[in-house]
Amino acid sequence: MKIGKTMNNPFGKQGWTPDRLGDLSGKTYVITGANAGAGFEATRIFLSKNAEVVMLNRNPQKSEAAISKLKQEFGAGAKVSFIEMDLSELDSIRVAANRVIEEVPNIDVLICNAAIAQVAKQQLTSAGFESQLGVNHYGHFLLISLLFEKVAQSGKRIVVVGSNGYNMGLKKIQFEDINFDKNYNPMNTYGHSKLAQMVFAYELQRRIHEANRDVKVYVCHPGASRTELGAEEANLFTKVLFKVMAYSPIAQSAERGSWPEVMCATENNLKEVAYYGPTKRMDMVGPVGECKLGIHALDTQAAERLWAISEEAVNCKFEL
């Protein structure tokens with residue numbers, strides 16, 4: 001675990017790249033938020049290696065357009081489909097999870113890629129969650145709990161796409177005001193949601209090991225990538241700032257932003273208590289490898305409390 005200085009990249013100076021991939025025929029990847037950005041680019045890579053991808057997206061029109069584009073590139077026989085799912089709506093997640101269980105024979109890897117970011121003003125989901133926490137953490141918590149046994153029966157791998165935002169703002173779970181009713185800030189609240197997601201992922205690792213279950217959980221981040229994340233929800237200043245950053249040397253393509261999650265979905269012998277992504281310029285761009293992991297993401301007391309709160313919030317007992 002890299003909590004100190006940078007270690008040598010085991011994949012060499014170039015870091016991990018998709019050139020390491022072999023044929024993925026017979027593999028099925030289930031990805032949230034895959035009709036654009038890094039999720040879409042990850043889908044492209046999987047399809048290029050003959051895998052099957054099931055996208056869990058909230059927008060049917062964008063999903064159909066994405067599938068059409070992918071089939072133009074890879075042929076009408078490309079194995080790509082979508083199931084409608086809105087991570088902000090608990091009922092939608094349950095319906096989608098049931099469809100996955102019934103319609104998808106095997107899940108080789110479940111990739112929790114979808115996120116919303118920098119929501120300008122506090123918004124609440126229909127269940128009363130702060131929207132970024134609701135989508136980025138609670139939604140994925142429920143989805144993983146519902147699909148865990150399906151994953152355990154087949155591919156035995158879960159990938160959680162975090163964010164360097166976890167290392168900004170409060171650097172703790174604000175249990176006393178988890179919805180940020182008193183101190184809402186778009187960036188801090190986004191970082192809070194991604195920290196919660198990562199704290200949960202490392203706690204899931206621990207509980208899996210304690211239960212002697214054979215499922216791997218890997219955590220990664222895309223760095224600073226040119227995606228649509230935050231494009232709809234952010235305020236005008238943030239949108240302009242993101243546009244400027246997107247064309248600066250501290251940003252990279254959405255395709256390169258997808259490499260860490262593809263690596264975590266396919267590479268063997270990765271460490272679990274680790275954090276993977278671009279390793280240069282404050283971990284925003286550059287060769288993909290292991291990044292420094294902030295100790296606050298491994299707070300076991302906070303993790304246990306968050307787990308209990310999450311089970312109550314989504315009304316689902318997550319037992320391994």
# chains A, B, ... in the order shown; residues from 1 in each chain; ligands from 1
>>> residues_around(residues="Lys194 of chain A", least_positions_apart="6", cutoff="7 Å", atoms="only C-alpha atoms", output="MDAnalysis selection string")
chainID A and resid 136 162:163 165:166
>>> residues_around(residues="segment 260-277 of chain A", least_positions_apart="2", cutoff="7 Å", atoms="only C-alpha atoms", output="list in words")
Met1, Ala42, Val109, Val159, Val161, Tyr202, Val217, Tyr218, Val219, Cys220, His221, Pro222, Gly223, Gly257, Ser258, Thr279, Val288, Gly289, Glu290, Cys291, Lys292 and Leu293 of chain A
>>> closest_residue(among="A:Glu319, A:Asp86, A:Asp23, A:Glu149", to="Ala51 of chain A", atoms="only C-alpha atoms")
A:Asp23
>>> closest_residue(among="A:Leu298, A:Leu147, A:Val30, A:Leu124", to="Gln197 of chain A", atoms="only C-alpha atoms")
A:Leu298
>>> closest_residue(among="A:Gly77, A:Gly134, A:Pro186, A:Gly139", to="Gln118 of chain A", atoms="only C-alpha atoms")
A:Pro186
>>> atom_distance(atom1="atom CA of Ala297 of chain A", atom2="atom CA of Val199 of chain A")
5.0 Å
>>> select_by_dssp(residues="segment 11-155 of chain A", states="strand (DSSP E or B)", output="CSV table (one decimal) with N, CA, C and O atoms, in the first residue's frame")
chain,number,residue,atom,x,y,z
A,16,TRP,N,0.6,0.6,-17.2
A,16,TRP,CA,-0.3,-0.3,-17.8
A,16,TRP,C,-1.0,0.3,-19.0
A,16,TRP,O,-1.4,1.4,-19.0
A,28,THR,N,-17.9,-11.3,-19.7
A,28,THR,CA,-19.0,-10.3,-19.6
A,28,THR,C,-18.7,-9.3,-18.6
A,28,THR,O,-18.5,-9.6,-17.4
A,29,TYR,N,-18.8,-8.0,-19.0
A,29,TYR,CA,-18.5,-6.9,-18.1
A,29,TYR,C,-19.8,-6.1,-17.9
A,29,TYR,O,-20.4,-5.7,-18.9
A,30,VAL,N,-20.2,-5.9,-16.7
A,30,VAL,CA,-21.4,-5.0,-16.4
A,30,VAL,C,-20.9,-3.7,-15.9
A,30,VAL,O,-20.1,-3.7,-14.9
A,31,ILE,N,-21.2,-2.6,-16.5
A,31,ILE,CA,-20.6,-1.3,-16.2
A,31,ILE,C,-21.7,-0.3,-16.0
A,31,ILE,O,-22.6,-0.1,-16.8
A,32,THR,N,-21.7,0.5,-14.9
A,32,THR,CA,-22.6,1.6,-14.7
A,32,THR,C,-22.1,2.8,-15.4
A,32,THR,O,-20.9,3.1,-15.4
A,52,GLU,N,-18.2,-9.2,-24.0
A,52,GLU,CA,-19.6,-8.7,-24.0
A,52,GLU,C,-19.7,-7.7,-22.9
A,52,GLU,O,-19.1,-7.8,-21.8
A,53,VAL,N,-20.5,-6.6,-23.2
A,53,VAL,CA,-20.7,-5.6,-22.2
A,53,VAL,C,-22.2,-5.3,-22.0
A,53,VAL,O,-22.9,-5.2,-23.0
A,54,VAL,N,-22.6,-5.2,-20.8
A,54,VAL,CA,-23.9,-4.8,-20.4
A,54,VAL,C,-23.8,-3.5,-19.7
A,54,VAL,O,-23.2,-3.4,-18.6
A,55,MET,N,-24.4,-2.5,-20.3
A,55,MET,CA,-24.3,-1.1,-19.7
A,55,MET,C,-25.5,-0.9,-18.8
A,55,MET,O,-26.6,-1.2,-19.2
A,56,LEU,N,-25.3,-0.3,-17.6
A,56,LEU,CA,-26.4,0.1,-16.8
A,56,LEU,C,-26.4,1.6,-16.8
A,56,LEU,O,-25.6,2.3,-16.1
A,57,ASN,N,-27.4,2.2,-17.6
A,57,ASN,CA,-27.4,3.6,-17.8
A,57,ASN,C,-28.8,4.1,-17.5
A,57,ASN,O,-29.8,3.4,-17.6
A,80,VAL,N,-23.1,-5.9,-27.1
A,80,VAL,CA,-23.3,-4.8,-26.2
A,80,VAL,C,-24.8,-4.5,-26.1
A,80,VAL,O,-25.5,-4.5,-27.1
A,81,SER,N,-25.2,-4.3,-24.9
A,81,SER,CA,-26.6,-4.0,-24.6
A,81,SER,C,-26.7,-3.1,-23.4
A,81,SER,O,-25.7,-2.8,-22.7
A,82,PHE,N,-27.9,-2.6,-23.1
A,82,PHE,CA,-28.0,-1.8,-21.9
A,82,PHE,C,-29.3,-2.2,-21.1
A,82,PHE,O,-30.3,-2.7,-21.7
A,83,ILE,N,-29.3,-2.0,-19.8
A,83,ILE,CA,-30.4,-2.1,-19.0
A,83,ILE,C,-30.6,-0.7,-18.3
A,83,ILE,O,-29.7,-0.2,-17.7
A,84,GLU,N,-31.8,-0.2,-18.4
A,84,GLU,CA,-32.1,1.1,-17.8
A,84,GLU,C,-31.9,1.0,-16.3
A,84,GLU,O,-32.5,0.2,-15.6
A,109,VAL,N,-17.0,-9.3,-14.4
A,109,VAL,CA,-16.6,-8.1,-13.5
A,109,VAL,C,-17.8,-7.1,-13.5
A,109,VAL,O,-18.4,-6.8,-14.5
A,110,LEU,N,-18.1,-6.7,-12.3
A,110,LEU,CA,-19.0,-5.5,-12.1
A,110,LEU,C,-18.2,-4.3,-11.9
A,110,LEU,O,-17.4,-4.2,-11.0
A,111,ILE,N,-18.4,-3.3,-12.8
A,111,ILE,CA,-17.6,-2.1,-12.7
A,111,ILE,C,-18.5,-0.9,-12.3
A,111,ILE,O,-19.4,-0.5,-13.1
A,112,CYS,N,-18.2,-0.3,-11.2
A,112,CYS,CA,-19.0,0.8,-10.7
A,112,CYS,C,-18.3,2.1,-11.1
A,112,CYS,O,-17.5,2.7,-10.4
A,124,LEU,N,-31.7,16.8,-3.5
A,124,LEU,CA,-31.9,15.5,-2.8
A,124,LEU,C,-32.6,14.5,-3.7
A,124,LEU,O,-33.4,14.9,-4.6
A,130,GLU,N,-28.5,13.5,-0.2
A,130,GLU,CA,-27.8,14.4,-1.0
A,130,GLU,C,-27.4,13.7,-2.3
A,130,GLU,O,-26.9,12.6,-2.3
>>> residues_around(residues="segment 152-154 of chain A", least_positions_apart="6", cutoff="8 Å", atoms="only C-alpha atoms", output="VMD selection string")
chain A and resid 106 to 108 213 to 215
>>> write_last_selection(atoms="N, CA and C atoms", output="PDB file, in the first residue's frame")
ATOM      1  N   ASN A 106     -23.662 -14.682 -16.722  1.00  0.00           N
ATOM      2  CA  ASN A 106     -22.482 -14.554 -15.856  1.00  0.00           C
ATOM      3  C   ASN A 106     -22.017 -13.112 -15.810  1.00  0.00           C
ATOM      4  N   ILE A 107     -21.536 -12.691 -14.658  1.00  0.00           N
ATOM      5  CA  ILE A 107     -20.876 -11.384 -14.523  1.00  0.00           C
ATOM      6  C   ILE A 107     -19.419 -11.660 -14.205  1.00  0.00           C
ATOM      7  N   ASP A 108     -18.558 -11.464 -15.183  1.00  0.00           N
ATOM      8  CA  ASP A 108     -17.133 -11.649 -14.906  1.00  0.00           C
ATOM      9  C   ASP A 108     -16.596 -10.515 -14.064  1.00  0.00           C
ATOM     10  N   ARG A 213     -14.774 -15.336   1.503  1.00  0.00           N
ATOM     11  CA  ARG A 213     -15.392 -15.354   0.176  1.00  0.00           C
ATOM     12  C   ARG A 213     -14.320 -15.072  -0.874  1.00  0.00           C
ATOM     13  N   ASP A 214     -14.479 -15.667  -2.024  1.00  0.00           N
ATOM     14  CA  ASP A 214     -13.481 -15.554  -3.085  1.00  0.00           C
ATOM     15  C   ASP A 214     -13.909 -14.499  -4.106  1.00  0.00           C
ATOM     16  N   VAL A 215     -13.908 -13.240  -3.671  1.00  0.00           N
ATOM     17  CA  VAL A 215     -14.239 -12.117  -4.552  1.00  0.00           C
ATOM     18  C   VAL A 215     -13.195 -11.028  -4.330  1.00  0.00           C
TER      19      VAL A 215
END
>>> closest_residue(among="A:Gln174, A:Ser145, A:Asn212, A:Gln132", to="Leu306 of chain A", atoms="only C-alpha atoms")
A:Gln174
>>> closest_residue(among="A:Asn185, A:Ser253, A:Ser63, A:Thr300", to="Gly33 of chain A", atoms="only C-alpha atoms")
A:Ser63
>>> select_by_dssp(residues="segment 2-205 of chain A", states="alpha helix (DSSP H)", output="PyMOL selection string")
chain A and resi 37-48+60-74+90-103+131-133+140-153+186-205
>>> closest_residue(among="A:Phe40, A:Phe74, A:Phe141, A:Phe11", to="Leu87 of chain A", atoms="only C-alpha atoms")
A:Phe141
